[in-house]
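This is run_4.pdb. It holds PDB, C-alpha atoms and all ligand atoms.
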ATOM      1  CA  MET A  19     -48.909-105.572  41.504
ATOM      2  CA  ASN A  20     -45.754-105.196  43.595
ATOM      3  CA  PRO A  21     -46.359-103.916  47.141
ATOM      4  CA  VAL A  22     -45.121-100.353  47.603
ATOM      5  CA  ALA A  23     -42.057-100.360  49.855
ATOM      6  CA  ILE A  24     -42.537 -97.859  52.685
ATOM      7  CA  GLU A  25     -39.238 -96.212  53.353
ATOM      8  CA  LYS A  26     -38.357 -95.892  57.021
ATOM      9  CA  PRO A  27     -36.785 -92.663  58.223
ATOM     10  CA  LYS A  28     -33.021 -92.898  58.489
ATOM     11  CA  ALA A  29     -31.053 -93.038  61.741
ATOM     12  CA  ARG A  30     -29.785 -89.596  62.733
ATOM     13  CA  PRO A  31     -27.152 -88.384  65.174
ATOM     14  CA  ILE A  32     -28.450 -87.044  68.492
ATOM     15  CA  THR A  33     -28.726 -83.261  68.485
ATOM     16  CA  ARG A  34     -29.159 -80.908  71.453
ATOM     17  CA  SER A  35     -30.327 -77.448  70.495
ATOM     18  CA  LEU A  36     -31.674 -74.590  72.563
ATOM     19  CA  PHE A  37     -35.370 -73.975  73.224
ATOM     20  CA  VAL A  38     -36.986 -71.410  70.952
ATOM     21  CA  ASP A  39     -38.507 -68.660  73.115
ATOM     22  CA  SER A  40     -42.187 -68.376  72.165
ATOM     23  CA  THR A  41     -42.802 -65.129  74.079
ATOM     24  CA  PRO A  42     -43.170 -63.077  70.855
ATOM     25  CA  LEU A  43     -45.978 -65.429  69.752
ATOM     26  CA  LEU A  44     -48.108 -64.588  72.792
ATOM     27  CA  ALA A  45     -49.367 -61.715  70.638
ATOM     28  CA  ASP A  46     -50.119 -64.136  67.762
ATOM     29  CA  PRO A  47     -52.443 -66.907  69.055
ATOM     30  CA  GLY A  48     -52.665 -68.635  65.652
ATOM     31  CA  GLY A  49     -48.877 -68.731  65.361
ATOM     32  CA  LEU A  50     -48.601 -70.055  68.919
ATOM     33  CA  ARG A  51     -51.037 -72.908  68.229
ATOM     34  CA  GLU A  52     -49.300 -73.708  64.956
ATOM     35  CA  ARG A  53     -45.931 -73.942  66.713
ATOM     36  CA  VAL A  54     -47.167 -76.202  69.492
ATOM     37  CA  GLY A  55     -48.921 -78.390  66.907
ATOM     38  CA  ARG A  56     -45.645 -78.787  65.026
ATOM     39  CA  ASP A  57     -43.014 -78.931  67.793
ATOM     40  CA  GLY A  58     -45.153 -80.242  70.665
ATOM     41  CA  TYR A  59     -43.560 -77.805  73.109
ATOM     42  CA  LEU A  60     -43.437 -74.102  73.933
ATOM     43  CA  PHE A  61     -40.850 -72.355  76.071
ATOM     44  CA  PHE A  62     -41.417 -68.914  77.567
ATOM     45  CA  LYS A  63     -38.720 -66.739  79.039
ATOM     46  CA  GLY A  64     -39.993 -64.973  82.159
ATOM     47  CA  LEU A  65     -43.686 -65.834  81.745
ATOM     48  CA  LEU A  66     -44.106 -65.701  85.524
ATOM     49  CA  PRO A  67     -42.813 -62.926  87.793
ATOM     50  CA  ARG A  68     -39.539 -63.979  89.389
ATOM     51  CA  ASP A  69     -40.778 -62.891  92.842
ATOM     52  CA  TYR A  70     -43.849 -65.101  92.529
ATOM     53  CA  VAL A  71     -41.675 -68.138  91.785
ATOM     54  CA  MET A  72     -39.085 -67.350  94.455
ATOM     55  CA  SER A  73     -41.789 -66.887  97.048
ATOM     56  CA  LEU A  74     -43.013 -70.466  96.577
ATOM     57  CA  ARG A  75     -39.409 -71.648  96.552
ATOM     58  CA  ALA A  76     -38.919 -70.040  99.979
ATOM     59  CA  ASP A  77     -42.135 -71.631 101.309
ATOM     60  CA  ILE A  78     -40.996 -75.083 100.197
ATOM     61  CA  LEU A  79     -37.468 -74.619 101.511
ATOM     62  CA  ALA A  80     -38.900 -73.571 104.880
ATOM     63  CA  VAL A  81     -40.517 -77.022 104.980
ATOM     64  CA  ALA A  82     -37.158 -78.578 104.077
ATOM     65  CA  ASP A  83     -35.610 -76.654 106.994
ATOM     66  CA  ARG A  84     -38.078 -78.249 109.389
ATOM     67  CA  HIS A  85     -36.683 -81.587 108.217
ATOM     68  CA  ARG A  86     -33.120 -80.286 108.678
ATOM     69  CA  TRP A  87     -31.952 -81.039 105.191
ATOM     70  CA  ARG A  88     -30.741 -77.637 104.076
ATOM     71  CA  MET A  89     -27.255 -76.478 105.021
ATOM     72  CA  PRO A  90     -27.545 -73.889 107.810
ATOM     73  CA  GLY A  91     -26.406 -70.296 107.149
ATOM     74  CA  GLN A  92     -28.107 -69.766 103.741
ATOM     75  CA  ASP A  93     -30.791 -67.245 102.840
ATOM     76  CA  ARG A  94     -34.427 -68.371 102.328
ATOM     77  CA  TRP A  95     -33.759 -69.374  98.719
ATOM     78  CA  GLY A  96     -30.449 -71.253  98.962
ATOM     79  CA  GLY A  97     -30.516 -74.828  97.679
ATOM     80  CA  LEU A  98     -27.434 -76.282  99.394
ATOM     81  CA  ILE A  99     -28.277 -79.621 100.938
ATOM     82  CA  ASN A 100     -27.031 -81.045 104.205
ATOM     83  CA  ARG A 101     -26.015 -84.446 102.902
ATOM     84  CA  ASP A 102     -25.195 -85.692 106.396
ATOM     85  CA  VAL A 103     -28.969 -85.637 106.928
ATOM     86  CA  THR A 104     -30.319 -86.427 103.448
ATOM     87  CA  ASP A 105     -27.971 -89.388 102.893
ATOM     88  CA  THR A 106     -29.737 -91.122 105.794
ATOM     89  CA  LEU A 107     -33.122 -90.955 104.008
ATOM     90  CA  PRO A 108     -34.379 -94.432 103.057
ATOM     91  CA  ASP A 109     -33.857 -95.425  99.418
ATOM     92  CA  ALA A 110     -37.517 -96.377  98.883
ATOM     93  CA  GLU A 111     -38.782 -92.937  99.969
ATOM     94  CA  VAL A 112     -36.301 -91.053  97.825
ATOM     95  CA  SER A 113     -36.897 -93.144  94.725
ATOM     96  CA  ALA A 114     -40.670 -92.692  95.117
ATOM     97  CA  TRP A 115     -40.775 -88.973  95.980
ATOM     98  CA  GLY A 116     -37.322 -87.555  95.132
ATOM     99  CA  THR A 117     -37.031 -86.661  98.800
ATOM    100  CA  GLY A 118     -38.149 -87.900 102.229
ATOM    101  CA  GLU A 119     -41.837 -88.782 102.255
ATOM    102  CA  GLN A 120     -42.829 -86.723 105.304
ATOM    103  CA  CYS A 121     -41.189 -83.617 103.887
ATOM    104  CA  TYR A 122     -43.050 -84.080 100.607
ATOM    105  CA  ARG A 123     -46.289 -84.659 102.522
ATOM    106  CA  ASP A 124     -45.777 -81.351 104.357
ATOM    107  CA  VAL A 125     -45.182 -79.517 101.066
ATOM    108  CA  GLN A 126     -48.438 -80.961  99.736
ATOM    109  CA  HIS A 127     -50.232 -79.108 102.560
ATOM    110  CA  LEU A 128     -49.019 -75.644 101.496
ATOM    111  CA  GLU A 129     -51.734 -73.306 100.287
ATOM    112  CA  SER A 130     -49.226 -71.339  98.194
ATOM    113  CA  PHE A 131     -48.178 -74.548  96.432
ATOM    114  CA  HIS A 132     -51.723 -75.380  95.281
ATOM    115  CA  ARG A 133     -52.527 -71.746  94.468
ATOM    116  CA  PHE A 134     -49.421 -71.336  92.308
ATOM    117  CA  PRO A 135     -50.728 -72.892  89.017
ATOM    118  CA  HIS A 136     -53.781 -70.621  89.057
ATOM    119  CA  HIS A 137     -51.642 -67.602  88.156
ATOM    120  CA  ARG A 138     -53.392 -65.456  85.535
ATOM    121  CA  ALA A 139     -50.437 -65.680  83.092
ATOM    122  CA  LEU A 140     -50.762 -69.480  83.013
ATOM    123  CA  LEU A 141     -54.549 -69.434  82.708
ATOM    124  CA  ALA A 142     -54.328 -66.898  79.856
ATOM    125  CA  LEU A 143     -51.743 -69.026  78.041
ATOM    126  CA  TYR A 144     -53.844 -72.191  78.142
ATOM    127  CA  ARG A 145     -57.036 -70.361  77.265
ATOM    128  CA  THR A 146     -55.238 -69.159  74.138
ATOM    129  CA  LEU A 147     -53.968 -72.648  73.328
ATOM    130  CA  PHE A 148     -57.249 -74.485  73.925
ATOM    131  CA  GLN A 149     -59.513 -71.649  72.749
ATOM    132  CA  GLU A 150     -61.916 -72.410  75.595
ATOM    133  CA  ASP A 151     -62.122 -72.524  79.384
ATOM    134  CA  VAL A 152     -59.288 -74.291  81.145
ATOM    135  CA  LEU A 153     -59.189 -77.005  83.784
ATOM    136  CA  VAL A 154     -56.130 -76.865  86.052
ATOM    137  CA  HIS A 155     -55.411 -80.376  87.301
ATOM    138  CA  ALA A 156     -55.494 -80.365  91.090
ATOM    139  CA  ARG A 157     -52.709 -82.966  91.324
ATOM    140  CA  THR A 158     -49.757 -80.584  91.401
ATOM    141  CA  VAL A 159     -46.409 -82.336  91.733
ATOM    142  CA  ALA A 160     -43.322 -80.876  93.398
ATOM    143  CA  ARG A 161     -40.013 -82.397  92.337
ATOM    144  CA  MET A 162     -37.642 -81.862  95.244
ATOM    145  CA  LEU A 163     -34.772 -83.783  93.750
ATOM    146  CA  ILE A 164     -31.982 -84.040  96.284
ATOM    147  CA  PRO A 165     -28.624 -85.549  95.469
ATOM    148  CA  HIS A 166     -28.956 -89.114  96.811
ATOM    149  CA  ARG A 167     -27.853 -92.589  95.768
ATOM    150  CA  SER A 168     -31.495 -93.445  94.883
ATOM    151  CA  ASN A 169     -32.179 -90.435  92.672
ATOM    152  CA  PHE A 170     -31.688 -90.910  88.945
ATOM    153  CA  PRO A 171     -32.360 -88.556  86.042
ATOM    154  CA  THR A 172     -35.968 -88.747  84.827
ATOM    155  CA  PRO A 173     -35.947 -91.237  81.926
ATOM    156  CA  PRO A 174     -37.433 -90.399  78.483
ATOM    157  CA  HIS A 175     -41.201 -90.832  78.799
ATOM    158  CA  GLN A 176     -44.567 -89.420  77.765
ATOM    159  CA  ASP A 177     -47.024 -88.150  80.373
ATOM    160  CA  PHE A 178     -50.124 -89.531  78.707
ATOM    161  CA  PRO A 179     -50.030 -93.048  80.285
ATOM    162  CA  PHE A 180     -49.672 -91.422  83.738
ATOM    163  CA  VAL A 181     -52.261 -88.691  83.279
ATOM    164  CA  GLN A 182     -54.641 -90.216  80.687
ATOM    165  CA  GLY A 183     -57.882 -88.297  80.051
ATOM    166  CA  ALA A 184     -57.296 -86.249  76.875
ATOM    167  CA  THR A 185     -54.157 -86.500  74.721
ATOM    168  CA  SER A 186     -54.390 -82.720  74.224
ATOM    169  CA  THR A 187     -53.620 -82.169  77.944
ATOM    170  CA  MET A 188     -50.491 -80.065  78.407
ATOM    171  CA  THR A 189     -47.834 -80.457  81.063
ATOM    172  CA  CYS A 190     -46.309 -77.277  82.434
ATOM    173  CA  TRP A 191     -42.827 -77.671  83.921
ATOM    174  CA  ILE A 192     -41.776 -74.795  86.126
ATOM    175  CA  PRO A 193     -38.369 -74.639  87.805
ATOM    176  CA  LEU A 194     -38.683 -72.977  91.210
ATOM    177  CA  GLY A 195     -35.438 -71.040  90.981
ATOM    178  CA  ASP A 196     -32.700 -70.747  88.389
ATOM    179  CA  CYS A 197     -32.014 -74.122  86.857
ATOM    180  CA  PRO A 198     -28.981 -74.313  84.571
ATOM    181  CA  ARG A 199     -28.532 -77.468  82.541
ATOM    182  CA  THR A 200     -25.910 -78.623  85.025
ATOM    183  CA  LEU A 201     -28.656 -78.836  87.664
ATOM    184  CA  GLY A 202     -30.590 -81.345  85.560
ATOM    185  CA  GLY A 203     -33.399 -79.360  83.906
ATOM    186  CA  LEU A 204     -36.070 -80.860  81.668
ATOM    187  CA  THR A 205     -35.421 -81.440  77.969
ATOM    188  CA  VAL A 206     -37.938 -82.455  75.283
ATOM    189  CA  LEU A 207     -37.778 -84.469  72.081
ATOM    190  CA  ARG A 208     -39.072 -81.981  69.541
ATOM    191  CA  GLY A 209     -42.102 -83.149  67.550
ATOM    192  CA  SER A 210     -42.248 -86.556  69.275
ATOM    193  CA  HIS A 211     -46.022 -86.311  69.885
ATOM    194  CA  HIS A 212     -46.589 -87.065  66.187
ATOM    195  CA  ALA A 213     -45.664 -90.725  66.836
ATOM    196  CA  GLY A 214     -48.656 -91.283  69.191
ATOM    197  CA  GLN A 215     -48.422 -93.237  72.441
ATOM    198  CA  LEU A 216     -45.217 -95.271  72.590
ATOM    199  CA  PRO A 217     -44.710 -98.592  74.423
ATOM    200  CA  VAL A 218     -43.134 -98.364  77.879
ATOM    201  CA  ARG A 219     -40.972-100.533  80.105
ATOM    202  CA  PRO A 220     -39.936-100.119  83.760
ATOM    203  CA  ALA A 221     -36.924 -97.893  84.458
ATOM    204  CA  LYS A 222     -35.275 -95.948  87.283
ATOM    205  CA  GLY A 223     -36.068 -92.265  87.861
ATOM    206  CA  ALA A 224     -39.278 -90.211  88.226
ATOM    207  CA  GLY A 225     -42.279 -92.040  86.780
ATOM    208  CA  GLY A 226     -40.423 -95.374  86.779
ATOM    209  CA  HIS A 227     -40.975 -96.011  83.050
ATOM    210  CA  VAL A 228     -39.065 -95.334  79.871
ATOM    211  CA  VAL A 229     -40.144 -95.302  76.228
ATOM    212  CA  GLU A 230     -38.197 -96.938  73.465
ATOM    213  CA  LEU A 231     -36.976 -94.433  70.901
ATOM    214  CA  CYS A 232     -36.213 -95.131  67.252
ATOM    215  CA  PRO A 233     -32.828 -94.138  65.822
ATOM    216  CA  TRP A 234     -34.275 -91.132  63.986
ATOM    217  CA  GLU A 235     -35.880 -89.665  67.115
ATOM    218  CA  THR A 236     -32.909 -87.606  68.135
ATOM    219  CA  GLU A 237     -33.814 -83.913  68.153
ATOM    220  CA  TRP A 238     -33.605 -82.853  71.810
ATOM    221  CA  VAL A 239     -34.163 -79.259  72.871
ATOM    222  CA  GLU A 240     -33.001 -77.850  76.192
ATOM    223  CA  GLY A 241     -31.937 -74.670  77.944
ATOM    224  CA  ASP A 242     -30.714 -72.918  81.056
ATOM    225  CA  TYR A 243     -33.816 -71.809  82.930
ATOM    226  CA  ASP A 244     -34.143 -68.670  85.033
ATOM    227  CA  ALA A 245     -36.802 -68.426  87.728
ATOM    228  CA  GLY A 246     -40.000 -67.360  85.906
ATOM    229  CA  ASP A 247     -39.318 -69.401  82.753
ATOM    230  CA  VAL A 248     -41.937 -71.957  81.802
ATOM    231  CA  LEU A 249     -41.805 -75.027  79.573
ATOM    232  CA  THR A 250     -45.046 -76.594  78.377
ATOM    233  CA  PHE A 251     -45.642 -79.597  76.150
ATOM    234  CA  ASN A 252     -48.340 -81.929  74.907
ATOM    235  CA  SER A 253     -48.873 -85.111  76.942
ATOM    236  CA  LEU A 254     -47.506 -87.270  74.095
ATOM    237  CA  VAL A 255     -44.204 -85.395  73.880
ATOM    238  CA  VAL A 256     -41.222 -87.440  75.053
ATOM    239  CA  HIS A 257     -39.189 -85.632  77.699
ATOM    240  CA  LYS A 258     -36.518 -86.429  80.257
ATOM    241  CA  SER A 259     -34.284 -84.612  82.691
ATOM    242  CA  LEU A 260     -30.602 -83.958  82.214
ATOM    243  CA  ARG A 261     -28.235 -85.438  84.780
ATOM    244  CA  SER A 262     -27.499 -83.045  87.645
ATOM    245  CA  GLU A 263     -23.805 -82.444  88.060
ATOM    246  CA  MET A 264     -24.307 -80.646  91.367
ATOM    247  CA  LYS A 265     -23.843 -83.077  94.177
ATOM    248  CA  ASP A 266     -24.601 -80.596  96.960
ATOM    249  CA  ARG A 267     -27.752 -78.901  95.645
ATOM    250  CA  LEU A 268     -31.423 -79.673  95.240
ATOM    251  CA  ARG A 269     -33.341 -79.198  91.999
ATOM    252  CA  LEU A 270     -36.783 -77.816  92.768
ATOM    253  CA  SER A 271     -39.575 -77.733  90.182
ATOM    254  CA  LEU A 272     -43.299 -78.226  89.655
ATOM    255  CA  ASP A 273     -45.213 -80.322  87.154
ATOM    256  CA  VAL A 274     -48.730 -79.042  86.587
ATOM    257  CA  ARG A 275     -51.242 -80.129  83.968
ATOM    258  CA  PHE A 276     -53.803 -78.037  82.117
ATOM    259  CA  GLN A 277     -56.526 -79.167  79.765
ATOM    260  CA  ALA A 278     -59.520 -77.877  77.868
ATOM    261  CA  LEU A 279     -62.537 -77.943  80.177
ATOM    262  CA  SER A 280     -64.688 -79.777  77.618
ATOM    263  CA  GLU A 281     -62.214 -82.683  77.262
ATOM    264  CA  PRO A 282     -62.438 -85.763  79.519
ATOM    265  CA  VAL A 283     -60.335 -85.889  82.672
ATOM    266  CA  GLU A 284     -59.216 -88.993  84.545
ATOM    267  CA  VAL A 285     -60.323 -88.471  88.142
ATOM    268  CA  GLY A 286     -56.862 -89.238  89.576
ATOM    269  CA  SER A 287     -55.809 -85.844  88.164
ATOM    270  CA  LEU A 288     -58.146 -84.242  90.708
ATOM    271  CA  ARG A 289     -56.669 -86.105  93.691
ATOM    272  CA  PRO A 290     -53.610 -85.125  95.753
ATOM    273  CA  HIS A 291     -50.316 -86.521  94.494
ATOM    274  CA  LEU A 292     -49.785 -88.681  97.589
ATOM    275  CA  PRO A 293     -52.300 -91.525  97.306
ATOM    276  CA  ASP A 294     -53.306 -91.649 100.981
ATOM    277  CA  LEU A 295     -53.724 -87.879 101.382
ATOM    278  CA  GLU A 296     -57.197 -86.298 101.361
ATOM    279  CA  TRP A 297     -58.064 -82.709 100.394
ATOM    280  CA  GLU A 298     -59.807 -82.213 103.711
ATOM    281  CA  ASP A 299     -56.512 -82.864 105.445
ATOM    282  CA  ILE A 300     -54.582 -80.600 103.024
ATOM    283  CA  TYR A 301     -57.069 -77.745 103.494
ATOM    284  CA  ARG A 302     -57.010 -77.816 107.299
ATOM    285  CA  ASP A 303     -54.835 -74.701 107.829
ATOM    286  CA  TRP A 304     -55.625 -72.754 104.658
ATOM    287  CA  LYS A 305     -56.485 -69.071 105.038
ATOM    288  CA  SER A 306     -58.903 -68.805 102.062
ATOM    289  CA  ASP A 307     -61.655 -71.014 100.717
ATOM    290  CA  ASP A 308     -61.814 -69.925  97.071
ATOM    291  CA  LEU A 309     -59.678 -72.763  95.681
ATOM    292  CA  LYS A 310     -61.007 -75.534  97.871
ATOM    293  CA  TYR A 311     -62.595 -78.235  95.653
ATOM    294  CA  TYR A 312     -62.698 -75.703  92.784
ATOM    295  CA  TRP A 313     -63.194 -78.460  90.177
ATOM    296  CA  GLN A 314     -66.463 -79.525  91.811
ATOM    297  CA  LYS A 315     -68.013 -76.278  90.576
ATOM    298  CA  LEU A 316     -67.124 -77.115  86.959
ATOM    299  CA  ALA A 317     -69.045 -79.259  84.483
ATOM    300  CA  LEU A 318     -66.495 -82.017  83.894
ATOM    301  CA  ARG A 319     -66.494 -85.114  81.716
ATOM    302  CA  THR A 320     -64.519 -87.945  83.243
ATOM    303  CA  SER A 321     -62.817 -90.934  81.644
ATOM    304  CA  PRO A 322     -61.792 -94.206  83.327
ATOM    305  CA  TRP A 323     -58.208 -95.172  84.189
ATOM    306  CA  ASP A 324     -56.823 -97.571  81.584
ATOM    307  CA  PRO A 325     -54.129 -99.830  83.111
ATOM    308  CA  THR A 326     -53.296-101.332  79.695
ATOM    309  CA  ARG A 327     -51.432 -98.095  78.873
ATOM    310  CA  PHE A 328     -48.562 -99.590  80.890
ATOM    311  CA  GLU A 329     -48.518-103.005  79.238
ATOM    312  CA  ALA A 330     -45.041-103.783  77.960
ATOM    313  CA  LYS A 331     -45.001-103.997  74.161
ATOM    314  CA  ALA A 332     -42.128-104.031  71.714
ATOM    315  CA  ARG A 333     -41.806-101.083  69.359
ATOM    316  CA  ALA A 334     -41.094-101.775  65.707
ATOM    317  CA  CYS A 335     -38.615 -99.119  64.639
TER     318      CYS A 335
HETATM  319  O1  LIG B   1     -38.895 -82.899  86.766
HETATM  320  C1  LIG B   1     -38.620 -83.987  86.293
HETATM  321  O2  LIG B   1     -37.481 -84.478  86.300
HETATM  322  C2  LIG B   1     -39.715 -84.788  85.652
HETATM  323  C3  LIG B   1     -40.876 -83.949  85.270
HETATM  324  C4  LIG B   1     -41.790 -84.628  84.317
HETATM  325  O3  LIG B   1     -41.563 -85.697  83.828
HETATM  326  C5  LIG B   1     -43.036 -83.938  83.973
HETATM  327  O4  LIG B   1     -43.205 -82.758  84.306
HETATM  328  O5  LIG B   1     -43.881 -84.582  83.341
END
Produce structure tokens that represent the structure in this file.
Ligand SMILES: O=C(O)CCC(=O)C(=O)O
Amino acid sequence: MNPVAIEKPKARPITRSLFVDSTPLLADPGGLRERVGRDGYLFFKGLLPRDYVMSLRADILAVADRHRWRMPGQDRWGGLINRDVTDTLPDAEVSAWGTGEQCYRDVQHLESFHRFPHHRALLALYRTLFQEDVLVHARTVARMLIPHRSNFPTPPHQDFPFVQGATSTMTCWIPLGDCPRTLGGLTVLRGSHHAGQLPVRPAKGAGGHVVELCPWETEWVEGDYDAGDVLTFNSLVVHKSLRSEMKDRLRLSLDVRFQALSEPVEVGSLRPHLPDLEWEDIYRDWKSDDLKYYWQKLALRTSPWDPTRFEAKARAC
């Protein structure tokens, strides 16, 4: 018997279409889950109140002011950078954290920053998606991407090797302020989670790794974000940032992860984003106690860190 020839998908031209707004599906949980199962991503226009987002933006920019890297004379929300100061930041710090390390460390101490992902609109969304109680990962990441010679657009990657735990974990990307495409917002490769975990190799930009894409994996979706918009995607979805064309302005955003409470979590997701920072230190000046060590009150299943997820392998396209 002749072996059956498996036909490979054909190479396709790269396309860049606009996000589909899933807000109408919030009233149709089945439809919402079907869409995320098919496309791997959901985009919501104005899911969060603009004031809520701008308030955290102002808190973070007040930290930036203490480090003198905003241009003087702006209001609390202005993102113009004082490049005379930021250009002197060491390359290693900027490539690791997007900004100076001490500034990022100070942001990681903000109570409003860690409280932000517990907003009821986000919890309700993930409860609908997972159909059970939700675990908010404590490791919230701020991307304070300043224009600097050591900052590069985030390369195409999947979050799963970095986050591990359950493949059903969802990343939530939230711009803290309006983020037009020209400021380098996040874009996703529609449906790319269906290919499973892809091999990685080292690269420049956030995360420091890139995946190899096949010539038919070309369907990028993107958009101009307003403050309050939310993008969420499965941890196997390939995503990257667009290149910022604004050489005088910072791009400020959060990455937060949510998962079903019954799924395993890798314990690093419950640690602060800076490896040498401890929660005790972060909590020192907080006004309320309710969110301190909140995950310790939950019945969690943990899974070990698997370093082989980063082993370089060739991909057969
Ligand atoms: O904000 C970025 O450029 C990268 C964000 C990202 O990769 C993520 O949220 O997983």
Pull the neighbourhood of (-69.2, -85.0, 82.9) for me: all residues within 10 Å in file coordinates, counting only C-alpha atoms, as a ChimeraX atom specification.
-> /A:280-283,316-321
Which residue of A:Val206, A:Val285, A:Ile300, A:Ala221 approaches ligand LIG 1 (chain B) most closely, using only C-alpha atoms and all ligand atoms = A:Val206
Could you tell me which residues the PyMOL selection byres (((chain A and resi 244) around 7) and not hetatm) returns for this structure, as JSON, numbers by chain?
-> {"A": [195, 196, 197, 242, 243, 245, 246, 247]}
Considering all atoms listed in the file, give me a table of residues in chain A that are at most 9 Å from ligand LIG 1 (chain B), with the closest atom pair and distance in Å for each, as JSON lines.
{"residue": "A:Val159", "atom": "CA", "partner": "B:LIG1", "partner_atom": "O4", "distance": 8.1}
{"residue": "A:Ala160", "atom": "CA", "partner": "B:LIG1", "partner_atom": "O1", "distance": 8.2}
{"residue": "A:Arg161", "atom": "CA", "partner": "B:LIG1", "partner_atom": "O1", "distance": 5.7}
{"residue": "A:Met162", "atom": "CA", "partner": "B:LIG1", "partner_atom": "O1", "distance": 8.6}
{"residue": "A:Leu163", "atom": "CA", "partner": "B:LIG1", "partner_atom": "O2", "distance": 8.0}
{"residue": "A:Pro171", "atom": "CA", "partner": "B:LIG1", "partner_atom": "O2", "distance": 6.6}
{"residue": "A:Thr172", "atom": "CA", "partner": "B:LIG1", "partner_atom": "O2", "distance": 4.8}
{"residue": "A:Pro173", "atom": "CA", "partner": "B:LIG1", "partner_atom": "O3", "distance": 8.1}
{"residue": "A:Pro174", "atom": "CA", "partner": "B:LIG1", "partner_atom": "O3", "distance": 8.2}
{"residue": "A:His175", "atom": "CA", "partner": "B:LIG1", "partner_atom": "O3", "distance": 7.2}
{"residue": "A:Gln176", "atom": "CA", "partner": "B:LIG1", "partner_atom": "O5", "distance": 7.4}
{"residue": "A:Asp177", "atom": "CA", "partner": "B:LIG1", "partner_atom": "O5", "distance": 5.6}
{"residue": "A:Phe180", "atom": "CA", "partner": "B:LIG1", "partner_atom": "O5", "distance": 9.0}
{"residue": "A:Thr189", "atom": "CA", "partner": "B:LIG1", "partner_atom": "O4", "distance": 6.1}
{"residue": "A:Cys190", "atom": "CA", "partner": "B:LIG1", "partner_atom": "O4", "distance": 6.6}
{"residue": "A:Trp191", "atom": "CA", "partner": "B:LIG1", "partner_atom": "O4", "distance": 5.1}
{"residue": "A:Ile192", "atom": "CA", "partner": "B:LIG1", "partner_atom": "O4", "distance": 8.3}
{"residue": "A:Pro193", "atom": "CA", "partner": "B:LIG1", "partner_atom": "O1", "distance": 8.3}
{"residue": "A:Gly202", "atom": "CA", "partner": "B:LIG1", "partner_atom": "O2", "distance": 7.6}
{"residue": "A:Gly203", "atom": "CA", "partner": "B:LIG1", "partner_atom": "O2", "distance": 7.0}
{"residue": "A:Leu204", "atom": "CA", "partner": "B:LIG1", "partner_atom": "O2", "distance": 6.0}
{"residue": "A:Gly223", "atom": "CA", "partner": "B:LIG1", "partner_atom": "O2", "distance": 8.1}
{"residue": "A:Ala224", "atom": "CA", "partner": "B:LIG1", "partner_atom": "C2", "distance": 6.0}
{"residue": "A:Gly225", "atom": "CA", "partner": "B:LIG1", "partner_atom": "O3", "distance": 7.0}
{"residue": "A:Thr250", "atom": "CA", "partner": "B:LIG1", "partner_atom": "O4", "distance": 8.7}
{"residue": "A:Phe251", "atom": "CA", "partner": "B:LIG1", "partner_atom": "O5", "distance": 8.9}
{"residue": "A:Ser253", "atom": "CA", "partner": "B:LIG1", "partner_atom": "O5", "distance": 8.1}
{"residue": "A:Val256", "atom": "CA", "partner": "B:LIG1", "partner_atom": "O3", "distance": 9.0}
{"residue": "A:His257", "atom": "CA", "partner": "B:LIG1", "partner_atom": "O3", "distance": 6.6}
{"residue": "A:Lys258", "atom": "CA", "partner": "B:LIG1", "partner_atom": "O3", "distance": 6.2}
{"residue": "A:Ser259", "atom": "CA", "partner": "B:LIG1", "partner_atom": "O2", "distance": 4.8}
{"residue": "A:Leu260", "atom": "CA", "partner": "B:LIG1", "partner_atom": "O2", "distance": 8.0}
{"residue": "A:Arg269", "atom": "CA", "partner": "B:LIG1", "partner_atom": "O1", "distance": 8.5}
{"residue": "A:Leu270", "atom": "CA", "partner": "B:LIG1", "partner_atom": "O1", "distance": 8.1}
{"residue": "A:Ser271", "atom": "CA", "partner": "B:LIG1", "partner_atom": "O1", "distance": 6.2}
{"residue": "A:Leu272", "atom": "CA", "partner": "B:LIG1", "partner_atom": "O4", "distance": 7.0}
{"residue": "A:Asp273", "atom": "CA", "partner": "B:LIG1", "partner_atom": "O4", "distance": 4.3}
{"residue": "A:Val274", "atom": "CA", "partner": "B:LIG1", "partner_atom": "O4", "distance": 7.0}
{"residue": "A:Arg275", "atom": "CA", "partner": "B:LIG1", "partner_atom": "O4", "distance": 8.5}
Coordinates-based distance that separates atom CA of A:Ala29 from atom CA of A:Leu207 (Å, one decimal) |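 These two atoms are separated by 15.0 Å.
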Evaluate the PyMOL selection byres (((chain A and resi 303-307) around 12) and not hetatm) and report residues as a ChimeraX atom specification = /A:124,126-133,297-302,308-312
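Here atom CA of A:Gly55 is placed at a distance of 27.4 Å from atom CA of A:Pro325.
With all atoms listed in the file as the atoms that count, the minimum distance from A:Gly96 to the choices A:Arg167, A:Arg123, A:Lys331, A:Arg267 is reached by A:Arg267.
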Close residues, A:Gly58 itself excluded, 7 Å, only C-alpha atoms, min 3 positions apart in chain, as a list in words =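 Residues near the query, excluding close chain neighbours: Val54, Gly55, Arg208, Gly209, His211, Phe251, Asn252 and Val255 of chain A.
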For A:Gly118, the nearest of the candidates A:Pro90, A:Gly64, A:Gly226, A:Pro165, counting all atoms listed in the file |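 Closest residue, counting all atoms listed in the file: A:Pro165.
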Written as JSON, numbers by chain, which residues does the PyMOL selection byres (((chain A and resi 145) around 12) and not hetatm) give for the file shown?
-> {"A": [44, 47, 50, 51, 138, 139, 140, 141, 142, 143, 144, 146, 147, 148, 149, 150, 151, 152, 153, 154, 188, 276, 277, 278, 279]}
In Å, with one decimal, what is the gap from atom CA of A:Asp57 to atom CA of A:Glu240?
-> 13.1 Å
Draw an axis-aligned box over all listed atoms of stretch 290-294 of chain A, pad each side with 5 Å, and write its centre and edge lengths in Å, one decimal, as lines of an AutoDock Vina configuration file.
center_x = -51.7
center_y = -88.4
center_z = 97.7
size_x = 13.8
size_y = 16.5
size_z = 16.5
